[in-house]
$ cat target05.pdb   # PDB, C-alpha atoms
ATOM      1  CA  GLN R   1       6.922  -7.165 -16.845  1.00  0.00           C
ATOM      2  CA  VAL R   2       7.214  -6.636 -13.123  1.00  0.00           C
ATOM      3  CA  GLN R   3       5.110  -8.842 -10.911  1.00  0.00           C
ATOM      4  CA  VAL R   4       3.771  -7.534  -7.640  1.00  0.00           C
ATOM      5  CA  VAL R   5       2.279  -9.912  -5.106  1.00  0.00           C
ATOM      6  CA  GLU R   6       0.392  -9.046  -1.938  1.00  0.00           C
ATOM      7  CA  SER R   7      -0.215 -11.461   0.895  1.00  0.00           C
ATOM      8  CA  GLY R   8      -1.369 -11.474   4.480  1.00  0.00           C
ATOM      9  CA  GLY R   9      -5.024 -10.616   4.138  1.00  0.00           C
ATOM     10  CA  GLY R  10      -7.781 -12.457   5.917  1.00  0.00           C
ATOM     11  CA  LEU R  11     -10.643 -12.266   8.359  1.00  0.00           C
ATOM     12  CA  VAL R  12     -10.035 -10.495  11.646  1.00  0.00           C
ATOM     13  CA  GLN R  13     -12.226  -9.234  14.457  1.00  0.00           C
ATOM     14  CA  PRO R  14     -12.590  -5.513  15.157  1.00  0.00           C
ATOM     15  CA  GLY R  15      -9.631  -4.305  17.157  1.00  0.00           C
ATOM     16  CA  GLY R  16      -7.405  -7.003  15.726  1.00  0.00           C
ATOM     17  CA  SER R  17      -4.264  -6.785  13.614  1.00  0.00           C
ATOM     18  CA  LEU R  18      -2.964  -7.991  10.281  1.00  0.00           C
ATOM     19  CA  ARG R  19       0.303  -7.520   8.479  1.00  0.00           C
ATOM     20  CA  LEU R  20       0.221  -7.300   4.715  1.00  0.00           C
ATOM     21  CA  SER R  21       3.293  -8.019   2.627  1.00  0.00           C
ATOM     22  CA  CYS R  22       4.202  -6.771  -0.822  1.00  0.00           C
ATOM     23  CA  ALA R  23       6.850  -8.543  -2.853  1.00  0.00           C
ATOM     24  CA  ALA R  24       8.084  -7.793  -6.347  1.00  0.00           C
ATOM     25  CA  SER R  25       9.866  -9.750  -9.046  1.00  0.00           C
ATOM     26  CA  ARG R  26      12.540  -7.058  -9.138  1.00  0.00           C
ATOM     27  CA  PHE R  27      14.348  -5.312  -6.328  1.00  0.00           C
ATOM     28  CA  ILE R  28      11.584  -3.350  -4.669  1.00  0.00           C
ATOM     29  CA  LEU R  29      13.860  -0.676  -3.246  1.00  0.00           C
ATOM     30  CA  ASP R  30      14.895   0.298  -6.777  1.00  0.00           C
ATOM     31  CA  TYR R  31      11.476   1.831  -7.306  1.00  0.00           C
ATOM     32  CA  TYR R  32      10.832   5.431  -6.424  1.00  0.00           C
ATOM     33  CA  ALA R  33       7.983   4.580  -4.078  1.00  0.00           C
ATOM     34  CA  VAL R  34       5.718   1.793  -2.932  1.00  0.00           C
ATOM     35  CA  GLY R  35       2.119   2.471  -2.075  1.00  0.00           C
ATOM     36  CA  TRP R  36      -0.794   0.666  -0.504  1.00  0.00           C
ATOM     37  CA  PHE R  37      -4.303   1.330  -1.750  1.00  0.00           C
ATOM     38  CA  ARG R  38      -7.635  -0.229  -0.942  1.00  0.00           C
ATOM     39  CA  GLN R  39     -10.975  -0.594  -2.615  1.00  0.00           C
ATOM     40  CA  ALA R  40     -14.224  -1.491  -0.921  1.00  0.00           C
ATOM     41  CA  PRO R  41     -17.262  -2.716  -2.868  1.00  0.00           C
ATOM     42  CA  GLY R  42     -18.962   0.132  -4.663  1.00  0.00           C
ATOM     43  CA  LYS R  43     -16.222   2.598  -3.779  1.00  0.00           C
ATOM     44  CA  GLU R  44     -13.262   4.064  -5.592  1.00  0.00           C
ATOM     45  CA  ARG R  45      -9.751   2.928  -4.920  1.00  0.00           C
ATOM     46  CA  GLU R  46      -8.142   5.077  -2.259  1.00  0.00           C
ATOM     47  CA  GLY R  47      -4.624   5.584  -1.008  1.00  0.00           C
ATOM     48  CA  VAL R  48      -3.767   4.156   2.388  1.00  0.00           C
ATOM     49  CA  SER R  49      -0.018   4.570   2.816  1.00  0.00           C
ATOM     50  CA  CYS R  50       3.123   5.162   0.806  1.00  0.00           C
ATOM     51  CA  ILE R  51       6.852   5.021   1.364  1.00  0.00           C
ATOM     52  CA  VAL R  52       9.447   6.844  -0.734  1.00  0.00           C
ATOM     53  CA  ASN R  53      12.488   4.625  -1.008  1.00  0.00           C
ATOM     54  CA  SER R  54      15.133   7.304  -1.451  1.00  0.00           C
ATOM     55  CA  ASP R  55      14.713   8.767   2.019  1.00  0.00           C
ATOM     56  CA  GLY R  56      12.102   6.624   3.763  1.00  0.00           C
ATOM     57  CA  THR R  57       9.463   9.347   3.834  1.00  0.00           C
ATOM     58  CA  THR R  58       6.087   7.870   4.657  1.00  0.00           C
ATOM     59  CA  TYR R  59       2.559   9.071   4.043  1.00  0.00           C
ATOM     60  CA  TYR R  60      -0.672   7.940   5.635  1.00  0.00           C
ATOM     61  CA  ALA R  61      -4.278   8.645   4.890  1.00  0.00           C
ATOM     62  CA  ASP R  62      -5.999  10.399   7.769  1.00  0.00           C
ATOM     63  CA  PHE R  63      -8.297   7.461   8.362  1.00  0.00           C
ATOM     64  CA  VAL R  64      -5.362   5.120   9.182  1.00  0.00           C
ATOM     65  CA  LYS R  65      -2.967   7.468  10.970  1.00  0.00           C
ATOM     66  CA  GLY R  66      -1.902   6.038  14.280  1.00  0.00           C
ATOM     67  CA  ARG R  67      -3.203   2.565  13.378  1.00  0.00           C
ATOM     68  CA  PHE R  68      -1.254   1.485  10.272  1.00  0.00           C
ATOM     69  CA  THR R  69       2.499   1.431   9.743  1.00  0.00           C
ATOM     70  CA  ILE R  70       4.353   0.999   6.477  1.00  0.00           C
ATOM     71  CA  SER R  71       7.883  -0.406   6.478  1.00  0.00           C
ATOM     72  CA  ARG R  72      10.367  -2.061   4.155  1.00  0.00           C
ATOM     73  CA  ASP R  73      12.932  -4.833   4.352  1.00  0.00           C
ATOM     74  CA  GLY R  74      15.463  -4.766   1.542  1.00  0.00           C
ATOM     75  CA  ALA R  75      16.951  -8.102   2.521  1.00  0.00           C
ATOM     76  CA  LYS R  76      13.547  -9.719   2.042  1.00  0.00           C
ATOM     77  CA  ASN R  77      12.633  -7.496  -0.906  1.00  0.00           C
ATOM     78  CA  THR R  78       9.347  -6.761   0.810  1.00  0.00           C
ATOM     79  CA  VAL R  79       7.274  -3.804   1.915  1.00  0.00           C
ATOM     80  CA  TYR R  80       4.872  -4.321   4.808  1.00  0.00           C
ATOM     81  CA  LEU R  81       1.699  -2.708   6.004  1.00  0.00           C
ATOM     82  CA  GLN R  82       1.099  -3.371   9.677  1.00  0.00           C
ATOM     83  CA  MET R  83      -2.551  -2.777  10.430  1.00  0.00           C
ATOM     84  CA  ASP R  84      -3.628  -2.481  14.065  1.00  0.00           C
ATOM     85  CA  SER R  85      -6.893  -1.538  15.742  1.00  0.00           C
ATOM     86  CA  LEU R  86      -8.760  -2.643  12.667  1.00  0.00           C
ATOM     87  CA  LYS R  87     -12.318  -1.448  12.132  1.00  0.00           C
ATOM     88  CA  PRO R  88     -15.137  -2.865  10.035  1.00  0.00           C
ATOM     89  CA  GLU R  89     -14.756   0.088   7.678  1.00  0.00           C
ATOM     90  CA  ASP R  90     -11.223  -1.105   6.884  1.00  0.00           C
ATOM     91  CA  THR R  91     -12.762  -4.026   5.017  1.00  0.00           C
ATOM     92  CA  ALA R  92     -11.554  -3.877   1.421  1.00  0.00           C
ATOM     93  CA  VAL R  93      -9.231  -5.391  -1.118  1.00  0.00           C
ATOM     94  CA  TYR R  94      -5.769  -4.019  -0.453  1.00  0.00           C
ATOM     95  CA  TYR R  95      -3.397  -3.404  -3.334  1.00  0.00           C
ATOM     96  CA  CYS R  96       0.318  -2.780  -3.449  1.00  0.00           C
ATOM     97  CA  ALA R  97       1.712  -0.640  -6.242  1.00  0.00           C
ATOM     98  CA  LEU R  98       5.103   0.575  -7.422  1.00  0.00           C
ATOM     99  CA  VAL R  99       6.243   3.890  -8.860  1.00  0.00           C
ATOM    100  CA  THR R 100       9.167   3.945 -11.266  1.00  0.00           C
ATOM    101  CA  ILE R 101       9.407   7.716 -11.488  1.00  0.00           C
ATOM    102  CA  PRO R 102       6.871  10.480 -10.714  1.00  0.00           C
ATOM    103  CA  ARG R 103       5.142  11.737 -13.834  1.00  0.00           C
ATOM    104  CA  ARG R 104       5.672  15.351 -12.890  1.00  0.00           C
ATOM    105  CA  GLY R 105       8.071  17.146 -10.629  1.00  0.00           C
ATOM    106  CA  ARG R 106       5.994  16.709  -7.488  1.00  0.00           C
ATOM    107  CA  PHE R 107       5.078  13.196  -6.433  1.00  0.00           C
ATOM    108  CA  ALA R 108       1.313  12.809  -6.191  1.00  0.00           C
ATOM    109  CA  TYR R 109       1.373   9.861  -3.835  1.00  0.00           C
ATOM    110  CA  TRP R 110      -2.427   9.370  -3.699  1.00  0.00           C
ATOM    111  CA  ASP R 111      -2.840   9.508  -7.473  1.00  0.00           C
ATOM    112  CA  VAL R 112      -3.344   5.977  -8.841  1.00  0.00           C
ATOM    113  CA  TYR R 113      -1.934   7.094 -12.191  1.00  0.00           C
ATOM    114  CA  GLU R 114       1.448   7.698 -10.571  1.00  0.00           C
ATOM    115  CA  TYR R 115       1.817   3.970 -10.033  1.00  0.00           C
ATOM    116  CA  ASN R 116       3.177   1.780 -12.793  1.00  0.00           C
ATOM    117  CA  TYR R 117       2.766  -1.736 -11.435  1.00  0.00           C
ATOM    118  CA  TRP R 118      -0.037  -3.192  -9.365  1.00  0.00           C
ATOM    119  CA  GLY R 119      -0.636  -6.426  -7.581  1.00  0.00           C
ATOM    120  CA  GLN R 120      -3.840  -8.436  -7.731  1.00  0.00           C
ATOM    121  CA  GLY R 121      -4.851  -7.462  -4.229  1.00  0.00           C
ATOM    122  CA  THR R 122      -5.506  -9.248  -0.982  1.00  0.00           C
ATOM    123  CA  GLN R 123      -8.851  -9.274   0.804  1.00  0.00           C
ATOM    124  CA  VAL R 124      -9.071  -7.865   4.309  1.00  0.00           C
ATOM    125  CA  THR R 125     -12.325  -8.421   6.168  1.00  0.00           C
ATOM    126  CA  VAL R 126     -12.924  -6.970   9.609  1.00  0.00           C
ATOM    127  CA  SER R 127     -15.968  -8.489  11.205  1.00  0.00           C
ATOM    128  CA  SER R 128     -17.133 -10.071  14.413  1.00  0.00           C
TER     129      SER R 128
END
$ encode --input "target05.pdb" --output "structure tokens"
Amino acid sequence: QVQVVESGGGLVQPGGSLRLSCAASRFILDYYAVGWFRQAPGKEREGVSCIVNSDGTTYYADFVKGRFTISRDGAKNTVYLQMDSLKPEDTAVYYCALVTIPRRGRFAYWDVYEYNYWGQGTQVTVSS
């Protein structure tokens, strides 16, 4: 079983920054894609960002474009989510997830069922 571990969450003031890290028990770049999702209380889990390892293609939800950046470091076996200009509405538990292979021909990067392995999540709270 693959273990996925997120870290880097915490309490930050509006306008502040955090960098989340995602590490895996196996070589993370071997997976088709790595995604970041979040879930706020009473809401469904939603996709935030994704990176396809084969070519580095990245995807961002509209509500984080221009503020969040996903990146990877093979030497550290880690995928990062740099979050800048944080807003109170960014408050949520953030999850990292791995895709082994897309279920169908076209990768549905916001579909939670595409992802095979999930971390336990890290809490991000944006508040003054």
$ closest_residue --input "target05.pdb" --among "R:Gly119, R:Gly74, R:Pro41, R:Gly47" --to "R:Tyr60" --atoms "all atoms listed in the file"
R:Gly47
$ resolve_selection --input "target05.pdb" --expression "the PyMOL selection byres ((chain R and resi 121) around 12)" --output "number ranges by chain"
R: 4-10, 20-23, 36-40, 45, 92-97, 117-120, 122-124
$ write_last_selection --input "target05.pdb" --atoms "C-alpha atoms" --output "compact mmCIF listing (two decimals), in the coordinates of the input"
# COMPACT_ATOMS: atom_id res chain seq x y z
CA VAL R 4 3.77 -7.53 -7.64
CA VAL R 5 2.28 -9.91 -5.11
CA GLU R 6 0.39 -9.05 -1.94
CA SER R 7 -0.22 -11.46 0.90
CA GLY R 8 -1.37 -11.47 4.48
CA GLY R 9 -5.02 -10.62 4.14
CA GLY R 10 -7.78 -12.46 5.92
CA LEU R 20 0.22 -7.30 4.72
CA SER R 21 3.29 -8.02 2.63
CA CYS R 22 4.20 -6.77 -0.82
CA ALA R 23 6.85 -8.54 -2.85
CA TRP R 36 -0.79 0.67 -0.50
CA PHE R 37 -4.30 1.33 -1.75
CA ARG R 38 -7.64 -0.23 -0.94
CA GLN R 39 -10.98 -0.59 -2.62
CA ALA R 40 -14.22 -1.49 -0.92
CA ARG R 45 -9.75 2.93 -4.92
CA ALA R 92 -11.55 -3.88 1.42
CA VAL R 93 -9.23 -5.39 -1.12
CA TYR R 94 -5.77 -4.02 -0.45
CA TYR R 95 -3.40 -3.40 -3.33
CA CYS R 96 0.32 -2.78 -3.45
CA ALA R 97 1.71 -0.64 -6.24
CA TYR R 117 2.77 -1.74 -11.44
CA TRP R 118 -0.04 -3.19 -9.36
CA GLY R 119 -0.64 -6.43 -7.58
CA GLN R 120 -3.84 -8.44 -7.73
CA THR R 122 -5.51 -9.25 -0.98
CA GLN R 123 -8.85 -9.27 0.80
CA VAL R 124 -9.07 -7.86 4.31
$ atom_distance --input "target05.pdb" --atom1 "atom CA of R:Arg72" --atom2 "atom CA of R:Gly15"
24.0 Å
$ residues_around --input "target05.pdb" --residues "R:Asn116" --least-positions-apart "4" --cutoff "8 Å" --atoms "only C-alpha atoms" --output "JSON list (two decimals) with C-alpha atoms, in the coordinates of the input"
[["chain", "number", "residue", "atom", "x", "y", "z"],
["R", 97, "ALA", "CA", 1.71, -0.64, -6.24],
["R", 98, "LEU", "CA", 5.10, 0.57, -7.42],
["R", 99, "VAL", "CA", 6.24, 3.89, -8.86],
["R", 100, "THR", "CA", 9.17, 3.94, -11.27]]
$ closest_residue --input "target05.pdb" --among "R:Val126, R:Ala33, R:Ala75, R:Leu86" --to "R:Thr57" --atoms "only C-alpha atoms"
R:Ala33
$ resolve_selection --input "target05.pdb" --expression "the PyMOL selection byres ((chain R and resi 50-55) around 8)" --output "number ranges by chain"
R: 29-36, 47-49, 56-60, 70-71, 109
$ closest_residue --input "target05.pdb" --among "R:Trp110, R:Phe68, R:Phe27, R:Tyr115" --to "R:Asp90" --atoms "only C-alpha atoms"
R:Phe68
$ residues_around --input "target05.pdb" --residues "R:Ser85" --least-positions-apart "4" --cutoff "7 Å" --atoms "all atoms listed in the file" --output "NGL selection string"
:R and (14-17 or 67)
$ atom_distance --input "target05.pdb" --atom1 "atom CA of R:Ala24" --atom2 "atom CA of R:Val2"
6.9 Å
$ atom_distance --input "target05.pdb" --atom1 "atom CA of R:Met83" --atom2 "atom CA of R:Leu11"
12.6 Å
$ closest_residue --input "target05.pdb" --among "R:Gln3, R:Arg104, R:Lys43, R:Thr91" --to "R:Leu18" --atoms "only C-alpha atoms"
R:Thr91
$ resolve_selection --input "target05.pdb" --expression "the PyMOL selection byres ((chain R and resi 127) around 7)" --output "PyMOL selection string"
chain R and resi 12-14+88+125-126+128
$ axis_aligned_box --input "target05.pdb" --around "stretch 65-81 of chain R" --padding-each-side "6 Å" --output "lines of an AutoDock Vina configuration file"
center_x = 6.9
center_y = -1.1
center_z = 6.7
size_x = 32.2
size_y = 29.2
size_z = 27.2
$ build_atoms --input "target05.pdb" --residues "stretch 75-88 of chain R" --atoms "N, CA, C and O atoms" --output "tab-separated table (two decimals), keeping the file's coordinate frame"
chain	number	residue	atom	x	y	z
R	75	ALA	N	16.41	-6.74	2.55
R	75	ALA	CA	16.95	-8.10	2.52
R	75	ALA	C	15.89	-9.11	2.08
R	75	ALA	O	16.21	-10.12	1.44
R	76	LYS	N	14.65	-8.83	2.43
R	76	LYS	CA	13.55	-9.72	2.04
R	76	LYS	C	12.81	-9.21	0.82
R	76	LYS	O	11.82	-9.83	0.39
R	77	ASN	N	13.26	-8.08	0.29
R	77	ASN	CA	12.63	-7.50	-0.91
R	77	ASN	C	11.13	-7.34	-0.72
R	77	ASN	O	10.33	-7.68	-1.60
R	78	THR	N	10.75	-6.81	0.43
R	78	THR	CA	9.35	-6.76	0.81
R	78	THR	C	9.02	-5.44	1.49
R	78	THR	O	9.85	-4.90	2.24
R	79	VAL	N	7.83	-4.95	1.20
R	79	VAL	CA	7.27	-3.80	1.92
R	79	VAL	C	6.07	-4.31	2.69
R	79	VAL	O	5.27	-5.10	2.17
R	80	TYR	N	5.94	-3.85	3.93
R	80	TYR	CA	4.87	-4.32	4.81
R	80	TYR	C	3.89	-3.20	5.13
R	80	TYR	O	4.25	-2.02	5.13
R	81	LEU	N	2.69	-3.63	5.44
R	81	LEU	CA	1.70	-2.71	6.00
R	81	LEU	C	1.15	-3.37	7.26
R	81	LEU	O	0.40	-4.35	7.17
R	82	GLN	N	1.60	-2.87	8.40
R	82	GLN	CA	1.10	-3.37	9.68
R	82	GLN	C	-0.18	-2.63	10.00
R	82	GLN	O	-0.19	-1.39	10.09
R	83	MET	N	-1.24	-3.38	10.19
R	83	MET	CA	-2.55	-2.78	10.43
R	83	MET	C	-3.03	-3.20	11.82
R	83	MET	O	-3.25	-4.39	12.06
R	84	ASP	N	-3.16	-2.25	12.70
R	84	ASP	CA	-3.63	-2.48	14.06
R	84	ASP	C	-4.95	-1.77	14.30
R	84	ASP	O	-5.33	-0.88	13.54
R	85	SER	N	-5.61	-2.16	15.36
R	85	SER	CA	-6.89	-1.54	15.74
R	85	SER	C	-7.84	-1.49	14.55
R	85	SER	O	-8.44	-0.45	14.26
R	86	LEU	N	-7.96	-2.60	13.88
R	86	LEU	CA	-8.76	-2.64	12.67
R	86	LEU	C	-10.23	-2.42	12.97
R	86	LEU	O	-10.76	-2.82	14.02
R	87	LYS	N	-10.90	-1.77	12.01
R	87	LYS	CA	-12.32	-1.45	12.13
R	87	LYS	C	-13.07	-2.09	10.98
R	87	LYS	O	-12.49	-2.35	9.92
R	88	PRO	N	-14.35	-2.30	11.15
R	88	PRO	CA	-15.14	-2.86	10.04
R	88	PRO	C	-15.01	-2.05	8.75
R	88	PRO	O	-15.01	-2.63	7.66
